[in-house]
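A.B. asks: Pasting model_24.cif below, which is mmCIF, C-alpha atoms.
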data_start
loop_
_atom_site.label_atom_id
_atom_site.label_comp_id
_atom_site.auth_asym_id
_atom_site.auth_seq_id
_atom_site.Cartn_x
_atom_site.Cartn_y
_atom_site.Cartn_z
CA MET A 137 -4.80 18.92 19.40
CA ASN A 138 -4.09 22.41 18.13
CA GLY A 139 -0.45 23.40 17.98
CA MET A 140 2.34 24.77 15.85
CA HIS A 141 2.15 21.75 13.54
CA ASP A 142 -1.44 22.65 12.62
CA LEU A 143 -0.40 24.81 9.67
CA GLY A 144 -3.43 24.51 7.40
CA GLY A 145 -4.66 27.95 6.29
CA MET A 146 -1.91 29.99 7.93
CA ASP A 147 -0.36 32.95 6.14
CA GLY A 148 3.17 34.19 5.94
CA PHE A 149 5.30 31.15 5.14
CA GLY A 150 6.32 32.47 1.75
CA PRO A 151 6.57 30.69 -1.57
CA ILE A 152 6.54 26.95 -2.09
CA ASP A 153 10.06 25.98 -3.01
CA ARG A 154 10.05 23.05 -5.41
CA ASN A 155 13.23 21.47 -6.62
CA PRO A 156 12.58 19.00 -9.44
CA GLU A 157 16.07 17.51 -9.13
CA GLU A 158 15.71 16.79 -5.44
CA ALA A 159 17.16 13.60 -3.97
CA VAL A 160 15.15 11.42 -1.57
CA PHE A 161 17.43 12.45 1.28
CA GLN A 162 19.27 15.74 1.30
CA GLN A 163 22.00 14.75 3.72
CA GLU A 164 23.50 11.62 5.21
CA TRP A 165 22.23 12.40 8.72
CA GLU A 166 18.68 12.47 7.33
CA ARG A 167 19.12 8.91 6.03
CA ARG A 168 20.24 7.79 9.47
CA ALA A 169 17.48 9.70 11.33
CA PHE A 170 14.87 8.18 9.04
CA ALA A 171 16.14 4.62 9.44
CA LEU A 172 16.61 4.90 13.22
CA THR A 173 13.06 6.20 13.59
CA LEU A 174 11.58 3.39 11.50
CA ALA A 175 13.68 0.70 13.13
CA MET A 176 12.77 1.86 16.64
CA GLY A 177 9.12 2.23 15.61
CA ALA A 178 9.11 -1.36 14.38
CA ARG A 179 9.84 -2.54 17.94
CA GLY A 180 6.20 -1.76 18.72
CA GLU A 181 6.77 0.23 21.88
CA TRP A 182 4.88 3.16 20.39
CA ASN A 183 2.61 3.67 17.40
CA LEU A 184 2.51 6.23 14.63
CA ASP A 185 0.14 8.54 16.50
CA MET A 186 2.46 8.58 19.49
CA SER A 187 5.39 9.38 17.20
CA ARG A 188 3.56 12.27 15.67
CA TYR A 189 2.43 13.58 19.01
CA ALA A 190 6.03 13.47 20.24
CA ARG A 191 7.07 15.64 17.25
CA GLU A 192 4.16 17.99 17.76
CA ARG A 193 5.22 18.72 21.32
CA MET A 194 8.40 20.37 20.08
CA PRO A 195 8.52 23.99 21.29
CA PRO A 196 6.81 26.08 18.56
CA SER A 197 9.81 28.27 17.80
CA ASP A 198 12.04 25.20 17.41
CA TYR A 199 9.41 23.50 15.25
CA LEU A 200 9.42 26.38 12.78
CA LEU A 201 13.18 26.84 12.78
CA SER A 202 14.11 23.22 12.27
CA SER A 203 13.84 20.88 9.34
CA TYR A 204 11.60 17.88 8.87
CA TYR A 205 13.99 15.19 10.06
CA GLU A 206 14.96 17.34 13.04
CA HIS A 207 11.30 17.04 14.05
CA TRP A 208 11.66 13.28 13.71
CA LEU A 209 14.81 13.26 15.82
CA HIS A 210 13.16 15.31 18.52
CA GLY A 211 10.22 12.90 18.57
CA LEU A 212 12.40 9.81 18.68
CA GLU A 213 14.56 11.17 21.51
CA HIS A 214 11.45 12.09 23.44
CA LEU A 215 9.84 8.65 23.08
CA MET A 216 13.04 6.87 24.07
CA ALA A 217 13.64 9.10 27.07
CA GLU A 218 10.07 8.55 28.29
CA ARG A 219 10.64 4.80 28.22
CA GLY A 220 14.08 4.90 29.76
CA LEU A 221 15.70 3.49 26.60
CA VAL A 222 18.13 6.34 26.00
CA SER A 223 18.31 9.50 28.06
CA ALA A 224 19.13 13.01 26.92
CA ALA A 225 22.18 12.87 29.19
CA GLU A 226 23.49 9.74 27.49
CA ILE A 227 23.12 11.38 24.10
CA SER A 228 24.95 14.44 25.21
CA VAL A 229 27.81 12.45 26.76
CA ARG A 230 28.14 10.46 23.55
CA GLU A 231 28.16 13.67 21.52
CA ASP A 232 31.04 14.95 23.61
CA GLU A 233 32.93 11.69 23.09
CA LEU A 234 32.39 11.89 19.34
CA ARG A 235 33.49 15.50 19.31
CA SER A 236 36.80 14.64 20.97
CA PRO A 237 37.46 10.93 20.66
CA PRO A 238 39.64 9.43 23.41
CA HIS A 239 43.29 9.31 22.41
CA HIS A 240 44.92 5.96 21.90
CA GLU A 241 48.66 5.48 22.08
CA ALA A 242 50.11 4.35 18.82
CA SER A 243 51.59 0.89 19.26
CA MET B 126 13.48 15.39 27.07
CA SER B 127 15.94 17.48 25.20
CA LYS B 128 18.20 19.62 27.29
CA HIS B 129 17.92 22.26 24.63
CA GLN B 130 16.89 25.63 26.09
CA HIS B 131 14.68 28.18 24.46
CA ASN B 132 16.46 30.68 22.25
CA ALA B 133 19.60 28.57 22.31
CA PRO B 134 20.80 27.42 18.91
CA LEU B 135 19.36 24.08 17.91
CA PRO B 136 21.77 21.21 18.45
CA ASP B 137 23.71 19.96 15.46
CA PRO B 138 21.70 17.08 13.97
CA VAL B 139 24.75 15.47 12.38
CA LEU B 140 26.42 14.85 15.72
CA ARG B 141 23.15 14.01 17.45
CA VAL B 142 22.27 11.30 14.95
CA LYS B 143 25.75 9.82 15.19
CA ALA B 144 25.48 9.75 18.96
CA LEU B 145 22.03 8.23 18.86
CA GLU B 146 22.93 5.57 16.34
CA SER B 147 26.02 4.48 18.24
CA LEU B 148 24.05 4.26 21.51
CA LEU B 149 21.19 2.30 19.95
CA ILE B 150 23.53 -0.19 18.29
CA GLU B 151 25.55 -0.55 21.50
CA LYS B 152 22.37 -1.25 23.49
CA GLY B 153 21.23 -3.77 20.90
CA LEU B 154 18.08 -1.78 20.19
CA VAL B 155 18.71 -1.56 16.44
CA ASP B 156 20.51 -3.77 13.98
CA PRO B 157 22.88 -1.87 11.64
CA ALA B 158 21.98 -4.17 8.72
CA ALA B 159 18.29 -3.38 9.23
CA LEU B 160 19.07 0.34 9.05
CA ASP B 161 20.87 -0.06 5.73
CA LEU B 162 18.00 -2.13 4.36
CA LEU B 163 15.44 0.51 5.37
CA ILE B 164 17.46 3.25 3.70
CA ASP B 165 17.94 1.24 0.51
CA THR B 166 14.24 0.34 0.38
CA TYR B 167 12.99 3.89 0.60
CA GLU B 168 15.80 5.53 -1.31
CA ASN B 169 16.03 3.07 -4.19
CA GLN B 170 13.23 0.50 -4.27
CA VAL B 171 9.95 2.20 -3.42
CA GLY B 172 8.90 5.29 -5.35
CA PRO B 173 6.42 6.90 -7.72
CA ARG B 174 7.08 4.30 -10.43
CA ASN B 175 4.87 2.02 -8.32
CA GLY B 176 2.01 4.50 -8.36
CA ALA B 177 2.50 5.05 -12.08
CA ARG B 178 1.92 1.34 -12.69
CA VAL B 179 -1.30 1.49 -10.67
CA VAL B 180 -2.49 4.48 -12.69
CA ALA B 181 -1.61 2.93 -16.05
CA ARG B 182 -3.45 -0.25 -15.16
CA ALA B 183 -6.51 1.74 -14.08
CA TRP B 184 -6.42 3.56 -17.44
CA THR B 185 -6.32 0.34 -19.43
CA ASP B 186 -8.38 -2.09 -17.33
CA PRO B 187 -11.89 -0.82 -16.46
CA SER B 188 -12.56 -3.52 -13.90
CA TYR B 189 -9.28 -2.72 -12.14
CA ARG B 190 -10.20 0.98 -12.18
CA SER B 191 -13.51 0.28 -10.49
CA ARG B 192 -11.86 -1.96 -7.88
CA LEU B 193 -9.28 0.76 -7.29
CA LEU B 194 -11.92 3.41 -6.72
CA ARG B 195 -13.96 1.11 -4.51
CA ASP B 196 -11.22 -0.39 -2.34
CA ALA B 197 -7.89 1.21 -3.12
CA THR B 198 -5.90 -0.63 -0.46
CA ALA B 199 -6.87 -4.05 -1.86
CA ALA B 200 -6.50 -3.03 -5.51
CA ILE B 201 -3.04 -1.57 -4.87
CA ALA B 202 -2.04 -4.70 -2.96
CA GLU B 203 -2.98 -6.74 -6.06
CA MET B 204 -0.03 -5.04 -7.75
CA GLY B 205 2.20 -6.07 -4.87
CA PHE B 206 2.39 -2.63 -3.26
CA GLU B 207 1.53 -2.55 0.41
CA GLY B 208 2.96 -1.90 3.84
CA ARG B 209 4.04 1.03 5.93
CA GLN B 210 2.05 4.20 5.42
CA GLY B 211 -0.21 2.61 2.86
CA GLU B 212 -2.38 0.54 5.17
CA ASP B 213 -5.54 2.47 4.34
CA MET B 214 -5.62 4.02 0.90
CA VAL B 215 -8.19 6.05 -0.98
CA VAL B 216 -7.89 6.83 -4.69
CA VAL B 217 -9.59 9.98 -5.96
CA GLU B 218 -10.15 10.39 -9.67
CA ASN B 219 -9.60 13.54 -11.70
CA THR B 220 -12.26 14.15 -14.32
CA GLU B 221 -13.30 16.88 -16.70
CA ARG B 222 -15.02 18.60 -13.84
CA VAL B 223 -13.00 17.72 -10.74
CA HIS B 224 -9.34 18.20 -9.89
CA ASN B 225 -8.07 16.62 -6.69
CA LEU B 226 -5.13 17.85 -4.64
CA VAL B 227 -3.55 16.02 -1.70
CA VAL B 228 -1.87 17.65 1.28
CA CYS B 229 -1.07 16.79 4.89
CA THR B 230 -1.55 20.01 6.81
CA LEU B 231 -0.48 18.48 10.13
CA CYS B 232 2.67 16.72 9.06
CA SER B 233 3.69 14.67 6.05
CA CYS B 234 1.26 11.78 5.61
CA TYR B 235 1.81 10.35 2.14
CA PRO B 236 1.22 6.98 0.50
CA TRP B 237 4.70 5.47 0.74
CA PRO B 238 4.07 2.13 -1.03
CA VAL B 239 2.96 3.87 -4.23
CA LEU B 240 4.85 7.19 -4.13
CA GLY B 241 7.85 6.61 -1.87
CA LEU B 242 8.85 9.33 0.57
CA PRO B 243 7.35 12.80 0.06
CA PRO B 244 9.34 15.63 -1.51
CA VAL B 245 10.63 18.42 0.73
CA TRP B 246 8.01 20.94 -0.45
CA TYR B 247 5.18 18.57 0.52
CA LYS B 248 6.49 18.45 4.12
CA ALA B 249 7.34 22.14 4.39
CA ALA B 250 5.20 24.85 5.95
CA PRO B 251 4.29 26.91 2.84
CA TYR B 252 2.52 24.06 1.01
CA ARG B 253 0.84 22.71 4.15
CA ALA B 254 -0.44 26.18 5.00
CA ARG B 255 -1.56 27.26 1.54
CA ALA B 256 -2.93 24.14 -0.15
CA VAL B 257 -6.13 24.30 1.88
CA ARG B 258 -6.53 28.07 1.76
CA GLU B 259 -5.77 28.95 -1.84
CA PRO B 260 -5.47 25.70 -3.79
CA ARG B 261 -6.18 27.30 -7.17
CA LYS B 262 -3.38 29.76 -6.68
CA VAL B 263 -1.01 27.02 -5.55
CA LEU B 264 -2.00 24.91 -8.56
CA ALA B 265 -1.44 27.84 -10.90
CA GLU B 266 2.06 28.25 -9.45
CA PHE B 267 2.63 24.57 -10.12
CA GLY B 268 1.63 25.12 -13.75
CA VAL B 269 -1.83 23.60 -13.43
CA ASP B 270 -4.18 26.18 -14.93
CA LEU B 271 -7.66 24.86 -14.40
CA VAL B 272 -10.38 25.86 -16.81
CA ASP B 273 -13.37 27.70 -15.39
CA GLY B 274 -15.90 25.48 -13.77
CA VAL B 275 -13.47 22.78 -12.65
CA GLU B 276 -14.09 21.99 -9.01
CA VAL B 277 -11.00 21.64 -6.81
CA ARG B 278 -11.16 19.09 -4.01
CA VAL B 279 -8.39 19.20 -1.44
CA TRP B 280 -7.80 16.05 0.60
CA ASP B 281 -6.05 16.45 3.94
CA SER B 282 -4.25 13.18 4.65
CA THR B 283 -4.02 11.66 8.08
CA ALA B 284 -2.03 8.88 9.66
CA GLU B 285 -5.06 6.65 9.11
CA LEU B 286 -5.98 7.57 5.54
CA ARG B 287 -3.74 8.38 2.59
CA TYR B 288 -4.72 9.50 -0.85
CA LEU B 289 -3.54 8.83 -4.38
CA VAL B 290 -4.86 10.90 -7.27
CA LEU B 291 -5.85 9.01 -10.40
CA PRO B 292 -4.90 11.61 -13.00
CA ARG B 293 -6.59 12.03 -16.38
CA ARG B 294 -5.26 10.01 -19.25
CA PRO B 295 -3.88 12.16 -22.04
CA ASP B 296 -5.70 12.12 -25.36
CA GLY B 297 -4.04 10.39 -28.25
CA THR B 298 -2.57 7.64 -26.08
CA GLU B 299 -5.00 4.89 -27.12
CA ARG B 300 -2.29 2.92 -28.86
CA LEU B 301 0.19 2.99 -26.00
CA SER B 302 0.83 -0.10 -23.91
CA GLU B 303 0.27 -0.13 -20.17
CA GLN B 304 4.01 0.11 -19.66
CA GLU B 305 4.34 3.05 -22.03
CA LEU B 306 1.47 4.78 -20.28
CA ALA B 307 3.12 4.26 -16.89
CA GLU B 308 6.17 6.09 -18.19
CA LEU B 309 4.03 9.18 -18.80
CA VAL B 310 2.71 9.36 -15.25
CA THR B 311 4.53 11.86 -13.06
CA ARG B 312 4.77 11.85 -9.29
CA ASP B 313 3.17 15.27 -9.03
CA SER B 314 0.17 14.18 -11.12
CA MET B 315 -0.55 11.53 -8.47
CA ILE B 316 -0.49 14.19 -5.72
CA GLY B 317 -2.67 16.43 -7.87
CA ALA B 318 0.13 19.00 -7.90
CA GLY B 319 0.51 18.46 -11.64
CA VAL B 320 -1.21 16.82 -14.56
CA VAL B 321 0.10 14.14 -16.87
CA PRO B 322 1.72 15.96 -19.80
CA GLY B 323 -0.71 16.20 -22.69
CA SER B 324 -3.84 15.61 -20.62
CA LYS B 325 -6.71 18.01 -20.30
CA SER B 326 -8.10 19.73 -17.23
CA THR B 327 -5.62 22.39 -17.98
CA ASP B 328 -6.09 24.94 -20.71
CA THR B 329 -2.54 24.69 -21.93
#
Show me, as structure tokens, the structure contained in the file I just sent.
C.D. replies:
Amino acid sequence: MNGMHDLGGMDGFGPIDRNPEEAVFQQEWERRAFALTLAMGARGEWNLDMSRYARERMPPSDYLLSSYYEHWLHGLEHLMAERGLVSAAEISVREDELRSPPHHEAS
Amino acid sequence: MSKHQHNAPLPDPVLRVKALESLLIEKGLVDPAALDLLIDTYENQVGPRNGARVVARAWTDPSYRSRLLRDATAAIAEMGFEGRQGEDMVVVENTERVHNLVVCTLCSCYPWPVLGLPPVWYKAAPYRARAVREPRKVLAEFGVDLVDGVEVRVWDSTAELRYLVLPRRPDGTERLSEQELAELVTRDSMIGAGVVPGSKSTDT
């Protein structure tokens, strides 16, 4: 299917930025996003084509403005929500909890 | 579906991943030890040194080279490299007259068992867009100056089929061992985005 991901031949993306000293992962969250995606994929509830299609359905402006593993995250969240494994609401509640962890009285 | 609205800033991936990981572990959907193993495998164990060993063997063992060009998946598996994102492999050989370049215009398909995870530039829009439109210009930017008359073949990878370039062996390396040869082989030469230092097909 045609879409924003279908970049072959397009103009205007600027120079190719190559960093010879680049690490495999740029940031810790990328490591985790990668591993979560592979581990969930290994459960067999979806295949590689379904994963890609889930990434490709990202809104075009978001697709272009976000990084590679953000595409992966979007795809993973989408596939899990579709199957009732984890909902967007659950993720957002957990984010709020992580942002302000519940206070515990010091004993 | 994401609750993210158009034109709103994208959510912070750091917090999102933390939230997701804690939920998935809590629900028993992923095993934390398995996550660490996956990260270690692809960060430290699997990488272009695997592909370099395949290339060096093909340079030194003509029957291996012909098996590799005929059935790359099986020949690569002989070396013990197989699995995720390498299930169906094709090896394309650079010659005096042909230079091969691999891209994945749609995403980031790449032969993980022999090259590891792709570099950022391979997954980013500029390379995906330009490699198929102006490969000679892209190659020149990468320092690969092809002599006149060399044909450029660009291979667009898919989830089903992944490519490894068999680069040209540099002259003057007849006395080197397979292991020494493997040390010469660069990652980019196996994508076609470079050549092995000292080899022809460039006019440098």
A.B. asks: What residues in chain B have any atom no more than 6 Å from chain A when counting only C-alpha atoms, and can you write them as a PyMOL selection string?
C.D. replies: chain B and resi 126-127+139+144+160+163+168+230-231+246+251-255+257-258
A.B. asks: To test your reading of the syntax: which residues would the PyMOL selection byres ((chain B and resi 210) around 8) return for the file shown? Reply as a compact mmCIF listing (two decimals) with C-alpha atoms, in the coordinates of the input.
C.D. replies:
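And here is the file that came out, result.txt:
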# COMPACT_ATOMS: atom_id res chain seq x y z
CA GLY B 208 2.96 -1.90 3.84
CA ARG B 209 4.04 1.03 5.93
CA GLY B 211 -0.21 2.61 2.86
CA GLU B 212 -2.38 0.54 5.17
CA ASP B 213 -5.54 2.47 4.34
CA CYS B 234 1.26 11.78 5.61
CA TYR B 235 1.81 10.35 2.14
CA PRO B 236 1.22 6.98 0.50
CA TRP B 237 4.70 5.47 0.74
CA PRO B 238 4.07 2.13 -1.03
CA ALA B 284 -2.03 8.88 9.66
CA ARG B 287 -3.74 8.38 2.59
A.B. asks: Interatomic distance between CA of Glu157 (chain A) and CA of Val245 (chain B)?
C.D. replies: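 Going from CA of Glu157 (chain A) over to CA of Val245 (chain B), I get 11.3 Å.
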A.B. asks: Once you add 6 Å to each side, what are the centre and edge lengths of the axis-aligned box holding all listed atoms of region 239-243 of chain B? One decimal in Å, as lines of an AutoDock Vina configuration file, if you can.
C.D. replies:
center_x = 5.9
center_y = 8.3
center_z = -1.8
size_x = 17.9
size_y = 20.9
size_z = 16.8
A.B. asks: Could you state the separation of CA of Val272 (chain B) and CA of Ala197 (chain B) in Å, given to one decimal place?
C.D. replies: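 Separation of CA of Val272 (chain B) and CA of Ala197 (chain B): 28.3 Å.
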A.B. asks: Do you have the CA of Leu291 (chain B)-CA of Ala183 (chain B) distance handy?
C.D. replies: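 So the two atoms, CA of Leu291 (chain B) and CA of Ala183 (chain B), lie 8.2 Å apart.
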A.B. asks: Show me the residues close to (5.7, 11.8, -13.7) - anything with an atom within 9 Å, counting only C-alpha atoms - and format the list as a PyMOL selection string.
C.D. replies: chain B and resi 173-174+177+307-315+319-322
A.B. asks: Which residue out of B:Ala318, B:Val290, B:Ala158, B:Leu301 has the minimum interatomic distance to Asp270 (chain B) when only C-alpha atoms are used?
C.D. replies: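 Among B:Ala318, B:Val290, B:Ala158, B:Leu301, it is B:Ala318 that comes nearest to Asp270 (chain B).
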A.B. asks: For each of B:Ile316, B:Val269, B:Ala159, B:Leu286, take the minimum atom-to-atom distance to Pro244 (chain B), counting only C-alpha atoms, then give the residue where this is smallest.
C.D. replies: B:Ile316
A.B. asks: Could you tell me, as a list in words, exactly which residues end up selected when the PyMOL selection byres ((chain B and resi 279) around 6) is applied to this structure?
C.D. replies: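 Given this file, the PyMOL selection byres ((chain B and resi 279) around 6) evaluates to Asn225, Leu226, Val227, Arg278 and Trp280 of chain B.
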A.B. asks: Only C-alpha atoms, please: the residues just picked out, written as an mmCIF file, keeping the file's coordinate frame.
C.D. replies:
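Dumped everything to out.cif:
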data_model
loop_
_atom_site.group_PDB
_atom_site.id
_atom_site.type_symbol
_atom_site.label_atom_id
_atom_site.label_comp_id
_atom_site.auth_asym_id
_atom_site.auth_seq_id
_atom_site.Cartn_x
_atom_site.Cartn_y
_atom_site.Cartn_z
ATOM 1 C CA ASN B 225 -8.070 16.620 -6.690
ATOM 2 C CA LEU B 226 -5.130 17.850 -4.640
ATOM 3 C CA VAL B 227 -3.550 16.020 -1.700
ATOM 4 C CA ARG B 278 -11.160 19.090 -4.010
ATOM 5 C CA TRP B 280 -7.800 16.050 0.600
#
A.B. asks: Go through B:Thr220, B:Ser324, B:Gly176, B:Cys229 and flag the residue nearest Ala256 (chain B), using all atoms listed in the file for the distances.
C.D. replies: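 Of B:Thr220, B:Ser324, B:Gly176, B:Cys229, the one nearest Ala256 (chain B) is B:Cys229, counting all atoms listed in the file.
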A.B. asks: At a cut-off of 6 Å, using all atoms listed in the file, what residues contact Tyr288 (chain B)? Leave out same-chain residues fewer than 4 positions from it and give the result as a list in words.
C.D. replies: Met214, Val215 and Val216 of chain B
A.B. asks: Decode the PyMOL selection byres ((chain B and resi 146) around 9) for the given file into explicit residues and return them as a ChimeraX atom specification.
C.D. replies: /A:168-169,172 /B:141-145,147-151,155,157
A.B. asks: Could I get region 205-229 of chain A from the block written out with N, CA, C and O atoms, as a CSV table (one decimal), in the first residue's frame?
C.D. replies:
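Ended up saving to selection26.csv:
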chain,number,residue,atom,x,y,z
A,205,TYR,N,12.7,4.1,16.2
A,205,TYR,CA,12.1,3.3,17.2
A,205,TYR,C,10.8,3.9,17.8
A,205,TYR,O,10.0,3.2,18.4
A,206,GLU,N,10.5,5.2,17.5
A,206,GLU,CA,9.2,5.7,17.8
A,206,GLU,C,8.2,5.1,16.8
A,206,GLU,O,7.0,4.8,17.2
A,207,HIS,N,8.6,4.8,15.6
A,207,HIS,CA,7.7,4.1,14.7
A,207,HIS,C,7.4,2.7,15.3
A,207,HIS,O,6.2,2.2,15.2
A,208,TRP,N,8.4,2.1,15.8
A,208,TRP,CA,8.2,0.7,16.3
A,208,TRP,C,7.3,0.7,17.5
A,208,TRP,O,6.4,-0.1,17.6
A,209,LEU,N,7.5,1.7,18.4
A,209,LEU,CA,6.6,1.9,19.6
A,209,LEU,C,5.2,2.0,19.1
A,209,LEU,O,4.3,1.4,19.7
A,210,HIS,N,5.0,2.9,18.2
A,210,HIS,CA,3.6,3.2,17.7
A,210,HIS,C,3.0,1.9,17.2
A,210,HIS,O,1.8,1.5,17.5
A,211,GLY,N,3.8,1.1,16.4
A,211,GLY,CA,3.3,-0.1,15.9
A,211,GLY,C,2.9,-1.1,17.0
A,211,GLY,O,1.8,-1.8,17.0
A,212,LEU,N,3.8,-1.3,17.9
A,212,LEU,CA,3.6,-2.2,19.0
A,212,LEU,C,2.4,-1.9,19.8
A,212,LEU,O,1.5,-2.7,20.1
A,213,GLU,N,2.2,-0.6,20.2
A,213,GLU,CA,1.0,-0.2,20.9
A,213,GLU,C,-0.2,-0.4,20.2
A,213,GLU,O,-1.2,-0.9,20.7
A,214,HIS,N,-0.2,-0.2,18.9
A,214,HIS,CA,-1.3,-0.4,18.0
A,214,HIS,C,-1.8,-1.9,18.0
A,214,HIS,O,-2.9,-2.3,18.2
A,215,LEU,N,-0.8,-2.8,17.8
A,215,LEU,CA,-1.0,-4.2,17.7
A,215,LEU,C,-1.6,-4.7,19.1
A,215,LEU,O,-2.5,-5.6,19.1
A,216,MET,N,-1.0,-4.2,20.2
A,216,MET,CA,-1.5,-4.7,21.5
A,216,MET,C,-2.9,-4.2,21.8
A,216,MET,O,-3.7,-4.9,22.3
A,217,ALA,N,-3.2,-2.9,21.4
A,217,ALA,CA,-4.5,-2.4,21.7
A,217,ALA,C,-5.5,-3.1,20.9
A,217,ALA,O,-6.6,-3.5,21.4
A,218,GLU,N,-5.2,-3.5,19.6
A,218,GLU,CA,-6.2,-4.2,18.8
A,218,GLU,C,-6.5,-5.5,19.4
A,218,GLU,O,-7.6,-6.0,19.2
A,219,ARG,N,-5.6,-6.1,20.1
A,219,ARG,CA,-5.8,-7.5,20.6
A,219,ARG,C,-6.2,-7.4,22.1
A,219,ARG,O,-6.3,-8.5,22.7
A,220,GLY,N,-6.4,-6.2,22.6
A,220,GLY,CA,-6.9,-6.1,24.0
A,220,GLY,C,-5.8,-6.5,25.0
A,220,GLY,O,-6.1,-6.8,26.2
A,221,LEU,N,-4.5,-6.5,24.6
A,221,LEU,CA,-3.4,-6.9,25.5
A,221,LEU,C,-3.1,-5.7,26.5
A,221,LEU,O,-2.9,-5.9,27.7
A,222,VAL,N,-2.9,-4.5,25.9
A,222,VAL,CA,-2.6,-3.3,26.6
A,222,VAL,C,-3.3,-2.2,25.9
A,222,VAL,O,-3.1,-2.0,24.7
A,223,SER,N,-4.1,-1.4,26.6
A,223,SER,CA,-4.8,-0.3,26.0
A,223,SER,C,-4.0,1.0,26.1
A,223,SER,O,-3.2,1.1,27.0
A,224,ALA,N,-4.4,1.9,25.2
A,224,ALA,CA,-3.7,3.3,25.3
A,224,ALA,C,-4.0,3.9,26.6
A,224,ALA,O,-3.1,4.6,27.2
A,225,ALA,N,-5.2,3.7,27.2
A,225,ALA,CA,-5.5,4.3,28.5
A,225,ALA,C,-4.7,3.7,29.6
A,225,ALA,O,-4.2,4.4,30.5
A,226,GLU,N,-4.4,2.4,29.5
A,226,GLU,CA,-3.5,1.8,30.6
A,226,GLU,C,-2.1,2.4,30.5
A,226,GLU,O,-1.5,2.7,31.5
A,227,ILE,N,-1.6,2.6,29.3
A,227,ILE,CA,-0.3,3.2,29.1
A,227,ILE,C,-0.3,4.6,29.7
A,227,ILE,O,0.6,5.0,30.4
A,228,SER,N,-1.3,5.3,29.4
A,228,SER,CA,-1.3,6.7,29.9
A,228,SER,C,-1.5,6.8,31.4
A,228,SER,O,-0.8,7.7,32.0
A,229,VAL,N,-2.2,5.9,32.0
A,229,VAL,CA,-2.3,5.9,33.5
A,229,VAL,C,-1.0,5.6,34.1
A,229,VAL,O,-0.5,6.2,35.0
